[in-house]
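Data from structure.pdb: PDB, C-alpha atoms
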```
ATOM      1  CA  ASN C   1       0.000   0.000   0.000
ATOM      2  CA  ALA C   2       1.168   3.504  -0.788
ATOM      3  CA  LEU C   3       1.054   4.704   2.827
ATOM      4  CA  ARG C   4       3.315   1.883   3.979
ATOM      5  CA  ALA C   5       5.826   2.657   1.224
ATOM      6  CA  ARG C   6       5.721   6.345   2.110
ATOM      7  CA  ALA C   7       6.268   5.611   5.810
ATOM      8  CA  LYS C   8       9.346   3.516   4.974
ATOM      9  CA  ALA C   9      10.618   6.182   2.588
ATOM     10  CA  GLU C  10      10.186   8.852   5.281
ATOM     11  CA  GLY C  11      12.292   6.934   7.743
ATOM     12  CA  ALA C  12       9.980   4.610   9.663
ATOM     13  CA  ASP C  13      12.681   2.413  11.127
ATOM     14  CA  THR C  14      10.625  -0.485  12.419
ATOM     15  CA  ASP C  15       7.876  -2.634  11.024
ATOM     16  CA  SER C  16       5.683  -1.603  13.963
ATOM     17  CA  GLU C  17       5.894   2.044  12.872
ATOM     18  CA  VAL C  18       4.876   1.049   9.370
ATOM     19  CA  LEU C  19       2.093  -1.230  10.650
ATOM     20  CA  ALA C  20       0.789   1.618  12.827
ATOM     21  CA  ILE C  21      -0.535   3.206   9.648
ATOM     22  CA  ASP C  22      -3.023   0.334   9.423
ATOM     23  CA  ARG C  23      -4.446   1.473  12.773
ATOM     24  CA  ILE C  24      -5.663   4.760  11.270
ATOM     25  CA  LYS C  25      -9.167   4.644   9.855
ATOM     26  CA  TRP C  26      -9.412   7.330   7.200
ATOM     27  CA  ALA C  27     -12.941   8.600   6.754
ATOM     28  CA  SER C  28     -14.275  10.689   3.938
ATOM     29  CA  VAL C  29     -15.651  14.171   4.427
ATOM     30  CA  LYS C  30     -19.184  14.084   5.832
ATOM     31  CA  SER C  31     -21.658  13.982   2.958
ATOM     32  CA  PRO C  32     -23.816  17.045   2.287
ATOM     33  CA  GLU C  33     -26.909  14.912   3.041
ATOM     34  CA  ARG C  34     -25.602  13.883   6.484
ATOM     35  CA  ALA C  35     -24.408  17.433   7.224
ATOM     36  CA  ILE C  36     -27.892  18.821   6.498
ATOM     37  CA  GLU C  37     -29.508  16.008   8.476
ATOM     38  CA  LYS C  38     -27.284  16.747  11.483
ATOM     39  CA  LEU C  39     -27.830  20.476  11.074
ATOM     40  CA  VAL C  40     -31.604  20.027  11.293
ATOM     41  CA  ARG C  41     -31.772  17.219  13.885
ATOM     42  CA  THR C  42     -29.003  18.270  16.248
ATOM     43  CA  TYR C  43     -28.371  21.981  15.800
ATOM     44  CA  GLY C  44     -31.828  23.376  15.025
ATOM     45  CA  GLY C  45     -30.642  24.737  11.692
ATOM     46  CA  LYS C  46     -27.849  26.848  13.218
ATOM     47  CA  VAL C  47     -25.075  26.462  10.639
ATOM     48  CA  CYS C  48     -22.454  28.015  12.932
ATOM     49  CA  LEU C  49     -22.761  24.970  15.225
ATOM     50  CA  LEU C  50     -22.023  22.398  12.520
ATOM     51  CA  GLN C  51     -18.590  20.905  12.982
ATOM     52  CA  ASP C  52     -16.752  17.604  12.590
ATOM     53  CA  LEU C  53     -17.134  17.455   8.818
ATOM     54  CA  VAL C  54     -13.823  15.586   8.820
ATOM     55  CA  ARG C  55     -13.314  12.474  10.946
ATOM     56  CA  TYR C  56     -10.481  10.074  11.662
ATOM     57  CA  SER C  57     -10.218   7.068  13.937
ATOM     58  CA  LEU C  58      -7.224   5.560  15.682
ATOM     59  CA  VAL C  59      -7.478   1.939  16.789
ATOM     60  CA  PHE C  60      -5.651   0.543  19.813
ATOM     61  CA  ASP C  61      -5.139  -2.984  21.092
ATOM     62  CA  LYS C  62      -4.983  -1.918  24.740
ATOM     63  CA  ALA C  63      -6.730   0.733  26.814
ATOM     64  CA  ALA C  64      -3.327   1.864  28.140
ATOM     65  CA  GLU C  65      -2.237   2.706  24.574
ATOM     66  CA  LEU C  66      -5.398   4.726  24.067
ATOM     67  CA  VAL C  67      -4.749   6.622  27.322
ATOM     68  CA  CYS C  68      -1.149   7.400  26.253
ATOM     69  CA  CYS C  69      -2.456   8.789  22.959
ATOM     70  CA  LEU C  70      -5.025  10.923  24.766
ATOM     71  CA  GLN C  71      -2.317  12.261  27.082
ATOM     72  CA  ALA C  72      -0.106  13.108  24.091
ATOM     73  CA  ILE C  73      -2.972  14.971  22.429
ATOM     74  CA  ALA C  74      -3.707  16.890  25.640
ATOM     75  CA  ALA C  75      -0.024  17.847  25.983
ATOM     76  CA  ASP C  76       0.368  19.036  22.381
ATOM     77  CA  PRO C  77       0.473  22.859  22.344
ATOM     78  CA  GLU C  78      -0.824  22.923  18.752
ATOM     79  CA  VAL C  79      -3.976  20.961  19.569
ATOM     80  CA  GLN C  80      -6.967  22.418  21.350
ATOM     81  CA  ILE C  81      -9.466  19.944  22.760
ATOM     82  CA  VAL C  82     -12.957  21.351  22.183
ATOM     83  CA  GLU C  83     -15.009  18.413  23.464
ATOM     84  CA  VAL C  84     -14.487  14.920  24.876
ATOM     85  CA  LYS C  85     -17.143  12.209  24.972
ATOM     86  CA  ASN C  86     -15.765   9.259  26.907
ATOM     87  CA  ARG C  87     -17.985   6.379  25.858
ATOM     88  CA  LEU C  88     -15.622   3.923  27.565
ATOM     89  CA  ARG C  89     -16.497   5.112  31.079
ATOM     90  CA  LEU C  90     -17.956   2.389  33.252
ATOM     91  CA  ASP C  91     -20.976   4.571  34.042
ATOM     92  CA  TYR C  92     -21.613   5.474  30.376
ATOM     93  CA  ASP C  93     -25.112   4.525  29.196
ATOM     94  CA  PRO C  94     -24.567   2.494  25.985
ATOM     95  CA  TRP C  95     -28.158   3.200  24.906
ATOM     96  CA  LYS C  96     -27.009   6.720  24.012
ATOM     97  CA  SER C  97     -24.846   5.353  21.190
ATOM     98  CA  GLY C  98     -26.577   2.126  20.239
ATOM     99  CA  GLY C  99     -24.019   0.152  22.247
ATOM    100  CA  TYR C 100     -21.030   1.664  20.480
ATOM    101  CA  ARG C 101     -18.063   2.639  22.688
ATOM    102  CA  ASN C 102     -15.084   4.921  22.032
ATOM    103  CA  VAL C 103     -13.454   8.155  23.138
ATOM    104  CA  HIS C 104     -14.758  10.856  20.829
ATOM    105  CA  LEU C 105     -12.759  14.077  20.561
ATOM    106  CA  ASN C 106     -13.533  17.320  18.784
ATOM    107  CA  LEU C 107     -10.253  19.118  18.140
ATOM    108  CA  LEU C 108      -8.775  22.275  16.653
ATOM    109  CA  LEU C 109      -5.296  22.568  15.190
ATOM    110  CA  ARG C 110      -3.619  25.799  16.330
ATOM    111  CA  SER C 111      -0.383  26.083  14.387
ATOM    112  CA  PRO C 112       1.159  28.607  12.008
ATOM    113  CA  LEU C 113       0.418  26.234   9.119
ATOM    114  CA  SER C 114      -3.243  25.719  10.096
ATOM    115  CA  GLU C 115      -3.625  29.508  10.356
ATOM    116  CA  LEU C 116      -1.939  30.011   6.973
ATOM    117  CA  LEU C 117      -4.274  27.455   5.388
ATOM    118  CA  GLY C 118      -7.307  28.990   7.105
ATOM    119  CA  VAL C 119      -8.297  25.792   8.914
ATOM    120  CA  ASP C 120      -7.384  26.885  12.441
ATOM    121  CA  LYS C 121     -11.069  27.381  13.298
ATOM    122  CA  HIS C 122     -12.227  24.095  11.756
ATOM    123  CA  VAL C 123     -13.262  21.534  14.359
ATOM    124  CA  PHE C 124     -12.549  17.952  13.360
ATOM    125  CA  GLU C 125     -13.454  14.666  14.997
ATOM    126  CA  LEU C 126     -11.005  12.050  16.206
ATOM    127  CA  GLN C 127     -12.309   8.742  17.512
ATOM    128  CA  LEU C 128     -10.033   6.669  19.736
ATOM    129  CA  GLN C 129     -11.218   3.081  19.499
ATOM    130  CA  LEU C 130     -10.323  -0.244  21.010
ATOM    131  CA  GLU C 131      -9.853  -3.042  18.489
ATOM    132  CA  PRO C 132     -12.932  -5.136  19.458
ATOM    133  CA  PHE C 133     -15.239  -2.138  18.982
ATOM    134  CA  ALA C 134     -13.550  -1.179  15.705
ATOM    135  CA  ARG C 135     -14.100  -4.739  14.465
ATOM    136  CA  CYS C 136     -17.793  -4.556  15.370
ATOM    137  CA  LYS C 137     -18.112  -1.198  13.632
ATOM    138  CA  SER C 138     -16.519  -2.588  10.476
ATOM    139  CA  ALA C 139     -18.692  -5.708  10.561
ATOM    140  CA  GLY C 140     -21.985  -3.883  10.062
ATOM    141  CA  GLY C 141     -22.046  -2.168  13.438
ATOM    142  CA  HIS C 142     -21.949   1.298  11.938
ATOM    143  CA  ALA C 143     -24.975   0.525   9.753
ATOM    144  CA  ARG C 144     -26.840  -0.616  12.870
ATOM    145  CA  TYR C 145     -25.805   2.610  14.641
ATOM    146  CA  VAL C 146     -27.096   4.713  11.715
ATOM    147  CA  ALA C 147     -30.440   2.872  11.866
ATOM    148  CA  PHE C 148     -30.546   3.438  15.658
ATOM    149  CA  ARG C 149     -29.656   7.132  15.206
ATOM    150  CA  ASN C 150     -32.381   7.539  12.580
ATOM    151  CA  VAL C 151     -35.041   6.012  14.833
ATOM    152  CA  LEU C 152     -34.096   8.541  17.523
ATOM    153  CA  CYS C 153     -33.812  11.342  14.928
ATOM    154  CA  MET C 154     -30.251  12.153  16.065
TER
END
```

Rendering of file as structure tokens:
Amino acid sequence: NALRARAKAEGADTDSEVLAIDRIKWASVKSPERAIEKLVRTYGGKVCLLQDLVRYSLVFDKAAELVCCLQAIAADPEVQIVEVKNRLRLDYDPWKSGGYRNVHLNLLLRSPLSELLGVDKHVFELQLQLEPFARCKSAGGHARYVAFRNVLCM
């Protein structure tokens, strides 16, 4: 795959660094249909509230790895955490997400480059997932979540 070749070309010195690329789930930009749906259902038509048009997921084998990633994000001076939804908490009600569990972050990049490109005010979504939940999501779980969300008009 092209990303693996690029990682090796850019100096990834171990196979684990190259394999880490497989742990990133690249998502497409939210469709106009879903953006309008979310705008109406969630934000009462207030366009200024619409965010997370871009989403990525990182998948971890162990909760400790996920926590280390979250700590690194929190410590990064060029990242501003806008919102955290910890769906892995023991007291989290899984009915709110159709049983799906993750740590959902809304983030801003605050760097000279993001300012230059004009994306420093764009909120994007990052999902930190544990492997078993990512597997369920890939195996039709997301389609079930969409059906659940539609029943609740979320």

9 Å contact set for C:Ala35, all atoms listed in the file, chain neighbours under 4 positions out, as a PyMOL selection string: chain C and resi 30-31+39-40+50-51+53

Close residues, stretch 77-81 of chain C itself excluded, 8 Å, only C-alpha atoms, min 5 positions apart in chain, as a PyMOL selection string: chain C and resi 105-111

Selection to disk with C-alpha atoms, as a PDB file, in the frame of the given file:
```pdb
ATOM      1  CA  LEU C 105     -12.759  14.077  20.561  1.00  0.00           C
ATOM      2  CA  ASN C 106     -13.533  17.320  18.784  1.00  0.00           C
ATOM      3  CA  LEU C 107     -10.253  19.118  18.140  1.00  0.00           C
ATOM      4  CA  LEU C 108      -8.775  22.275  16.653  1.00  0.00           C
ATOM      5  CA  LEU C 109      -5.296  22.568  15.190  1.00  0.00           C
ATOM      6  CA  ARG C 110      -3.619  25.799  16.330  1.00  0.00           C
ATOM      7  CA  SER C 111      -0.383  26.083  14.387  1.00  0.00           C
TER       8      SER C 111
END
```

Please identify all polymer residues lying at most 12 Å from the point (-16.6, 9.3, 17.9) (file coordinates), using all atoms listed in the file, and present the result as a PyMOL selection string. chain C and resi 25+27+52+54-59+83-88+97+100-107+124-130+133-134+137+142+145

Prev. selection, C-alpha atoms, output as an mmCIF file, in the coordinates of the input:
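The result, stored in selection-v6.cif:
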```cif
data_model
loop_
_atom_site.group_PDB
_atom_site.id
_atom_site.type_symbol
_atom_site.label_atom_id
_atom_site.label_comp_id
_atom_site.auth_asym_id
_atom_site.auth_seq_id
_atom_site.Cartn_x
_atom_site.Cartn_y
_atom_site.Cartn_z
ATOM 1 C CA LYS C 25 -9.167 4.644 9.855
ATOM 2 C CA ALA C 27 -12.941 8.600 6.754
ATOM 3 C CA ASP C 52 -16.752 17.604 12.590
ATOM 4 C CA VAL C 54 -13.823 15.586 8.820
ATOM 5 C CA ARG C 55 -13.314 12.474 10.946
ATOM 6 C CA TYR C 56 -10.481 10.074 11.662
ATOM 7 C CA SER C 57 -10.218 7.068 13.937
ATOM 8 C CA LEU C 58 -7.224 5.560 15.682
ATOM 9 C CA VAL C 59 -7.478 1.939 16.789
ATOM 10 C CA GLU C 83 -15.009 18.413 23.464
ATOM 11 C CA VAL C 84 -14.487 14.920 24.876
ATOM 12 C CA LYS C 85 -17.143 12.209 24.972
ATOM 13 C CA ASN C 86 -15.765 9.259 26.907
ATOM 14 C CA ARG C 87 -17.985 6.379 25.858
ATOM 15 C CA LEU C 88 -15.622 3.923 27.565
ATOM 16 C CA SER C 97 -24.846 5.353 21.190
ATOM 17 C CA TYR C 100 -21.030 1.664 20.480
ATOM 18 C CA ARG C 101 -18.063 2.639 22.688
ATOM 19 C CA ASN C 102 -15.084 4.921 22.032
ATOM 20 C CA VAL C 103 -13.454 8.155 23.138
ATOM 21 C CA HIS C 104 -14.758 10.856 20.829
ATOM 22 C CA LEU C 105 -12.759 14.077 20.561
ATOM 23 C CA ASN C 106 -13.533 17.320 18.784
ATOM 24 C CA LEU C 107 -10.253 19.118 18.140
ATOM 25 C CA PHE C 124 -12.549 17.952 13.360
ATOM 26 C CA GLU C 125 -13.454 14.666 14.997
ATOM 27 C CA LEU C 126 -11.005 12.050 16.206
ATOM 28 C CA GLN C 127 -12.309 8.742 17.512
ATOM 29 C CA LEU C 128 -10.033 6.669 19.736
ATOM 30 C CA GLN C 129 -11.218 3.081 19.499
ATOM 31 C CA LEU C 130 -10.323 -0.244 21.010
ATOM 32 C CA PHE C 133 -15.239 -2.138 18.982
ATOM 33 C CA ALA C 134 -13.550 -1.179 15.705
ATOM 34 C CA LYS C 137 -18.112 -1.198 13.632
ATOM 35 C CA HIS C 142 -21.949 1.298 11.938
ATOM 36 C CA TYR C 145 -25.805 2.610 14.641
#
```

What does the distance between atom CA of C:Cys69 and atom CA of C:Glu115 come to in Å, to one decimal place?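 Between atom CA of C:Cys69 and atom CA of C:Glu115 the gap is 24.3 Å.
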
Could you please determine the separation between atom CA of C:Ala63 and atom CA of C:Leu90 in Å, to one decimal place?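 One can read the atom CA of C:Ala63 to atom CA of C:Leu90 distance as 13.0 Å.
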
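The space separating atom CA of C:Glu65 from atom CA of C:Arg89 comes to 15.9 Å.
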